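Novice: Next up, model_17.cif (mmCIF, C-alpha atoms and all ligand atoms).
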```
data_input
loop_
_atom_site.label_atom_id
_atom_site.label_comp_id
_atom_site.auth_asym_id
_atom_site.auth_seq_id
_atom_site.Cartn_x
_atom_site.Cartn_y
_atom_site.Cartn_z
CA MET E 1 0.00 0.00 0.00
CA LYS E 2 2.73 2.42 1.05
CA GLN E 3 4.81 2.21 -2.09
CA GLN E 4 1.75 3.07 -4.25
CA ARG E 5 0.93 6.26 -2.39
CA GLY E 6 2.91 8.56 -4.67
CA ARG E 7 1.60 7.18 -7.97
CA ALA E 8 -0.15 9.81 -10.01
CA VAL E 9 -1.84 7.50 -12.52
CA ALA E 10 -5.42 6.43 -11.99
CA ARG E 11 -5.52 2.82 -10.80
CA PRO E 12 -7.96 0.44 -12.41
CA LEU E 13 -10.76 -0.98 -10.30
CA PHE E 14 -9.10 -4.34 -9.66
CA PHE E 15 -6.42 -2.55 -7.66
CA ALA E 16 -9.06 -0.95 -5.47
CA TYR E 17 -8.19 -3.10 -2.43
CA ASP E 18 -4.71 -1.57 -2.54
CA ARG E 19 -5.94 1.99 -2.42
CA PRO E 20 -4.73 3.94 0.56
CA VAL E 21 -7.55 4.54 3.03
CA ALA E 22 -6.92 8.28 2.83
CA GLU E 23 -7.72 8.19 -0.87
CA LEU E 24 -11.04 6.43 -0.30
CA SER E 25 -11.93 8.85 2.46
CA GLN E 26 -11.87 11.58 -0.17
CA ILE E 27 -14.73 9.94 -2.06
CA VAL E 28 -17.70 12.15 -1.38
CA ILE E 29 -21.17 10.97 -0.55
CA VAL E 30 -23.89 12.94 -2.30
CA PRO E 31 -27.67 12.79 -2.73
CA ALA E 32 -28.74 10.43 -5.51
CA GLY E 33 -30.11 11.77 -8.76
CA GLU E 34 -32.85 10.15 -10.81
CA GLY E 35 -30.15 9.02 -13.24
CA ASP E 36 -28.60 6.90 -10.45
CA VAL E 37 -31.66 4.71 -9.97
CA SER E 38 -30.66 1.93 -12.37
CA ALA E 39 -27.08 1.77 -10.99
CA ILE E 40 -28.49 1.72 -7.44
CA LYS E 41 -30.70 -1.23 -8.36
CA GLU E 42 -27.76 -3.04 -9.97
CA LEU E 43 -25.63 -2.56 -6.85
CA LEU E 44 -28.48 -3.75 -4.61
CA THR E 45 -29.15 -6.80 -6.77
CA SER E 46 -25.47 -7.73 -6.77
CA ALA E 47 -25.51 -7.43 -2.96
CA SER E 48 -28.69 -9.61 -2.79
CA LEU E 49 -30.74 -6.72 -1.38
CA PRO E 50 -34.32 -5.95 -2.46
CA THR E 51 -34.99 -3.22 -5.01
CA ALA E 52 -38.71 -2.91 -4.25
CA GLY E 53 -39.56 0.64 -3.25
CA VAL E 54 -36.41 2.21 -4.72
CA ASP E 55 -38.44 3.97 -7.42
CA GLU E 56 -40.61 5.59 -4.74
CA HIS E 57 -37.81 6.46 -2.31
CA TRP E 58 -34.71 7.22 -4.43
CA GLN E 59 -34.84 10.88 -3.41
CA THR E 60 -33.75 9.92 0.11
CA PHE E 61 -30.80 7.91 -1.20
CA LEU E 62 -27.17 8.89 -0.86
CA VAL E 63 -24.55 7.56 -3.24
CA ALA E 64 -20.79 7.50 -3.59
CA ARG E 65 -19.03 7.42 -6.93
CA ASP E 66 -15.51 6.70 -8.05
CA ALA E 67 -15.29 8.67 -11.29
CA ASP E 68 -18.48 7.59 -13.11
CA ARG E 69 -18.92 4.35 -11.24
CA LEU E 70 -21.52 4.17 -8.48
CA ILE E 71 -19.71 2.31 -5.67
CA ALA E 72 -22.01 2.67 -2.67
CA CYS E 73 -25.54 3.61 -1.80
CA GLY E 74 -27.84 3.87 1.15
CA GLY E 75 -31.39 5.02 1.53
CA ALA E 76 -34.26 5.57 3.87
CA GLU E 77 -38.00 5.52 3.88
CA ALA E 78 -39.04 8.44 6.02
CA TYR E 79 -42.41 8.36 7.72
CA PRO E 80 -43.80 11.09 9.98
CA THR E 81 -41.84 10.20 13.11
CA ALA E 82 -39.83 7.09 12.22
CA ALA E 83 -37.69 5.95 9.32
CA LEU E 84 -36.59 2.68 7.76
CA ILE E 85 -32.91 2.67 6.89
CA ARG E 86 -32.48 0.46 3.85
CA SER E 87 -30.35 -0.51 0.89
CA ILE E 88 -26.95 0.07 2.48
CA ALA E 89 -24.53 -1.45 -0.02
CA VAL E 90 -20.89 -0.95 -0.83
CA ASP E 91 -19.25 -2.42 -3.93
CA PRO E 92 -17.10 -5.34 -2.68
CA ALA E 93 -13.94 -3.70 -4.07
CA TYR E 94 -14.45 -0.69 -1.79
CA ARG E 95 -15.48 -2.37 1.47
CA SER E 96 -13.85 -2.02 4.87
CA HIS E 97 -12.70 1.55 4.28
CA GLY E 98 -15.49 3.20 6.24
CA LEU E 99 -17.82 3.99 3.35
CA GLY E 100 -20.70 2.02 4.87
CA ARG E 101 -20.22 3.75 8.21
CA ARG E 102 -20.13 7.19 6.56
CA LEU E 103 -23.25 6.43 4.55
CA VAL E 104 -25.23 5.34 7.60
CA ARG E 105 -24.03 8.32 9.63
CA GLN E 106 -24.95 10.80 6.91
CA LEU E 107 -28.37 9.20 6.40
CA LEU E 108 -29.08 9.38 10.14
CA ASP E 109 -27.84 12.99 10.32
CA ARG E 110 -30.09 14.03 7.43
CA LEU E 111 -33.12 12.32 8.96
CA ALA E 112 -32.34 13.70 12.41
CA SER E 113 -32.17 17.21 10.95
CA ARG E 114 -35.80 16.67 9.89
CA GLY E 115 -36.70 15.82 13.49
CA LEU E 116 -36.70 12.02 13.14
CA ARG E 117 -35.25 10.14 16.09
CA GLU E 118 -36.44 6.54 15.64
CA PHE E 119 -34.70 4.42 13.02
CA TYR E 120 -35.34 0.82 11.99
CA LEU E 121 -33.73 -1.58 9.58
CA LEU E 122 -34.05 -5.15 8.40
CA THR E 123 -31.06 -7.31 7.66
CA THR E 124 -30.31 -10.92 6.95
CA THR E 125 -26.52 -10.61 6.89
CA ALA E 126 -25.33 -7.53 8.75
CA GLU E 127 -26.81 -7.69 12.26
CA GLY E 128 -23.33 -7.56 13.79
CA TYR E 129 -22.37 -4.61 11.62
CA PHE E 130 -25.31 -2.50 12.77
CA ALA E 131 -25.11 -3.71 16.38
CA ARG E 132 -21.61 -2.20 16.48
CA ARG E 133 -23.18 1.10 15.46
CA GLY E 134 -25.80 1.21 18.18
CA PHE E 135 -28.76 -0.61 16.60
CA LYS E 136 -30.53 -3.09 18.89
CA THR E 137 -32.30 -6.22 17.73
CA ILE E 138 -36.05 -6.13 18.31
CA ASP E 139 -39.09 -8.29 17.51
CA ARG E 140 -40.88 -7.43 14.30
CA ASP E 141 -44.04 -6.53 16.19
CA GLU E 142 -42.09 -3.76 17.93
CA VAL E 143 -41.64 -1.91 14.62
CA HIS E 144 -43.29 1.50 14.56
CA PRO E 145 -46.75 1.14 12.96
CA GLN E 146 -45.94 3.91 10.46
CA LEU E 147 -43.44 1.57 8.81
CA LEU E 148 -46.05 -1.04 8.03
CA ALA E 149 -46.63 0.88 4.76
CA SER E 150 -43.13 -0.08 3.62
CA ARG E 151 -42.91 -2.59 0.78
CA GLU E 152 -39.54 -3.71 2.07
CA LEU E 153 -41.15 -4.54 5.38
CA GLN E 154 -44.35 -5.97 3.86
CA ASP E 155 -42.95 -8.35 1.31
CA ALA E 156 -39.48 -7.63 -0.06
CA CYS E 157 -37.42 -8.70 2.94
CA PRO E 158 -37.76 -12.29 4.16
CA ALA E 159 -39.82 -12.78 7.31
CA SER E 160 -36.70 -14.27 8.86
CA ALA E 161 -34.79 -10.96 8.49
CA THR E 162 -33.58 -9.46 11.74
CA CYS E 163 -35.25 -6.23 12.72
CA MET E 164 -33.16 -3.57 14.46
CA ARG E 165 -33.85 -0.17 16.00
CA LEU E 166 -31.83 2.87 16.97
CA VAL E 167 -33.41 5.61 19.01
CA MET E 168 -31.47 8.87 19.08
CA LEU E 169 -31.55 10.95 22.19
CA THR E 170 -32.92 14.44 21.63
C1 LIG Y 1 -22.43 -4.08 5.29
C2 LIG Y 1 -21.65 -3.16 4.32
C3 LIG Y 1 -22.57 -2.04 3.85
C4 LIG Y 1 -20.45 -2.57 5.10
O1 LIG Y 1 -19.80 -1.62 4.27
P1 LIG Y 1 -18.25 -1.25 4.48
O2 LIG Y 1 -17.98 0.02 3.80
O3 LIG Y 1 -17.42 -2.43 4.11
O4 LIG Y 1 -18.19 -1.11 6.08
P2 LIG Y 1 -17.23 -0.19 6.97
O5 LIG Y 1 -15.96 0.06 6.24
O6 LIG Y 1 -18.02 0.93 7.48
O7 LIG Y 1 -16.97 -1.18 8.20
C5 LIG Y 1 -16.13 -2.28 8.04
C6 LIG Y 1 -16.19 -3.15 9.29
O8 LIG Y 1 -17.49 -3.77 9.38
C7 LIG Y 1 -17.33 -5.19 9.33
N1 LIG Y 1 -18.43 -5.75 8.55
C8 LIG Y 1 -18.65 -5.57 7.23
N2 LIG Y 1 -19.74 -6.26 6.86
C9 LIG Y 1 -20.20 -6.88 7.98
C10 LIG Y 1 -21.30 -7.74 8.23
N3 LIG Y 1 -22.14 -8.11 7.26
N4 LIG Y 1 -21.50 -8.17 9.50
C11 LIG Y 1 -20.66 -7.82 10.49
N5 LIG Y 1 -19.59 -7.00 10.32
C12 LIG Y 1 -19.37 -6.55 9.06
C13 LIG Y 1 -15.98 -5.41 8.67
O9 LIG Y 1 -15.46 -6.66 9.04
C14 LIG Y 1 -15.17 -4.26 9.22
O10 LIG Y 1 -14.77 -4.56 10.54
P3 LIG Y 1 -13.43 -3.88 11.18
O11 LIG Y 1 -13.70 -2.39 11.26
O12 LIG Y 1 -13.33 -4.52 12.53
O13 LIG Y 1 -12.33 -4.22 10.23
C15 LIG Y 1 -21.08 -3.96 3.13
O14 LIG Y 1 -20.37 -5.08 3.62
C16 LIG Y 1 -22.13 -4.46 2.16
O15 LIG Y 1 -22.45 -3.77 1.18
N6 LIG Y 1 -22.69 -5.67 2.40
C17 LIG Y 1 -23.69 -6.26 1.51
C18 LIG Y 1 -25.04 -5.59 1.66
C19 LIG Y 1 -25.59 -5.63 3.08
O16 LIG Y 1 -25.58 -6.67 3.75
N7 LIG Y 1 -26.12 -4.46 3.54
C20 LIG Y 1 -26.69 -4.31 4.85
C21 LIG Y 1 -28.15 -4.58 4.86
S1 LIG Y 1 -29.10 -3.11 4.60
#
```
Once more with this new file: its structure as structure tokens, please.
Ligand SMILES: CC(C)(COP(=O)(O)OP(=O)(O)OC[C@H]1O[C@@H](n2cnc3c(N)ncnc32)[C@H](O)[C@@H]1OP(=O)(O)O)[C@@H](O)C(=O)NCCC(=O)NCCS
Specialist:
Amino acid sequence: MKQQRGRAVARPLFFAYDRPVAELSQIVIVPAGEGDVSAIKELLTSASLPTAGVDEHWQTFLVARDADRLIACGGAEAYPTAALIRSIAVDPAYRSHGLGRRLVRQLLDRLASRGLREFYLLTTTAEGYFARRGFKTIDRDEVHPQLLASRELQDACPASATCMRLVMLT
């Protein structure tokens, strides 16, 4: 990693694991545009995450790009007083450099700035990941009733998915 730090040439994607962390930390996370929707769905599908509801909720999504390539996304379904955090995915070549953490933090910050304090998510594979970030596992019947409108909750995520909640202090 060290000896590559000074190289000025752009490295192709298959060298992405060798990128210095500092370089990845410069990748900015921005609100998604309508033109990102198909790339978001591709990333979600490749990460085995549901795409149902993305068309309705893409405006809450944040994305990260490396040049023209969409490398990470995360979204939310915001209801009056609670939100479902969903579709957190990082391209495998860019994982473990903090992009997922930054995405979740920025999503929560944006929702909190709108007055939301109660956040839920469903996961089949990343319970440990979110538990390390303060989410607690709950029973599905503890989900805020406002979220029952969510397609992800209704039918896209398997009934066996773990449900988690984070309540922010005001
Ligand atoms: C989960 C995910 C978003 C994490 O993104 P990331 O950018 O690699 O994560 P970060 O860099 O913020 O954090 C990396 C740390 O989390 C850990 N981690 C990553 N995925 C994990 C998982 N599924 N379960 C538990 N821990 C996990 C890594 O081992 C690493 O640990 P370390 O800090 O001790 O080395 C990414 O692995 C992913 O896209 N997974 C597939 C889709 C998915 O399951 N999404 C969540 C459901 S909404």
Novice: Could you please determine the separation between atom CA of Glu56 of chain E and atom O2 of ligand LIG 1 (chain Y) in Å, to one decimal place?
Specialist: 24.8 Å
Novice: Which distance in Å separates atom CA of Leu169 of chain E and atom CA of Arg133 of chain E, to one decimal?
Specialist: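 Between these atoms lies a distance of 14.6 Å.
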Novice: Go through the chains and note each residue within 8 Å of ligand LIG 1 (chain Y), using all atoms listed in the file, then give the set as a VMD selection string.
Specialist: chain E and resid 44 47 to 49 72 74 85 to 92 94 to 102 121 to 130
Novice: Taking into account all atoms listed in the file, which residue in the set E:Ser150, E:Arg132, E:Arg65, E:Arg110 is nearest to Leu43 of chain E?
Specialist: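 Among the listed residues, E:Arg65 lies closest to Leu43 of chain E.
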Novice: Using Å and a single decimal, report how far atom CA of Pro145 of chain E sits from atom CA of Asp109 of chain E.
Specialist: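 Taking atom CA of Asp109 of chain E as the start and atom CA of Pro145 of chain E as the end point, the length is 22.5 Å.
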Novice: Here is a test: counting only C-alpha atoms, which residue of E:Leu103, E:Thr81, E:Ala131, E:His57 is nearest to Ser25 of chain E?
Specialist: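 Under the stated criterion, the closest residue is E:Leu103.
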Novice: Could you tell me which of E:Ala83, E:Val54, E:Leu62, E:Thr45 comes closest to Val28 of chain E if we count all atoms listed in the file?
Specialist: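 The shortest atom-to-atom distance to Val28 of chain E comes from E:Leu62.
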Novice: Write out as a CSV table (one decimal) with C-alpha atoms, keeping the file's coordinate frame which residues come within 10 Å of Val30 of chain E when counting only C-alpha atoms, dropping same-chain ones fewer than 3 positions away.
Specialist:
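Done, and the output landed in out_9.csv:
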```csv
chain,number,residue,atom,x,y,z
E,27,ILE,CA,-14.7,9.9,-2.1
E,33,GLY,CA,-30.1,11.8,-8.8
E,61,PHE,CA,-30.8,7.9,-1.2
E,62,LEU,CA,-27.2,8.9,-0.9
E,63,VAL,CA,-24.6,7.6,-3.2
E,64,ALA,CA,-20.8,7.5,-3.6
E,65,ARG,CA,-19.0,7.4,-6.9
E,73,CYS,CA,-25.5,3.6,-1.8
E,103,LEU,CA,-23.2,6.4,4.6
E,106,GLN,CA,-25.0,10.8,6.9
```
Novice: May I ask which of the residues E:Leu116, E:Leu70, E:Leu84, E:Ala76 is the closest one to Leu147 of chain E, counting only C-alpha atoms?
Specialist: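 Nearest to Leu147 of chain E: E:Leu84.
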Novice: Using all atoms listed in the file, pick whichever of E:Arg140, E:Arg165, E:Arg117, E:Lys41 has the shortest atom-to-atom distance to Trp58 of chain E.
Specialist: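 Among the listed residues, E:Lys41 lies closest to Trp58 of chain E.
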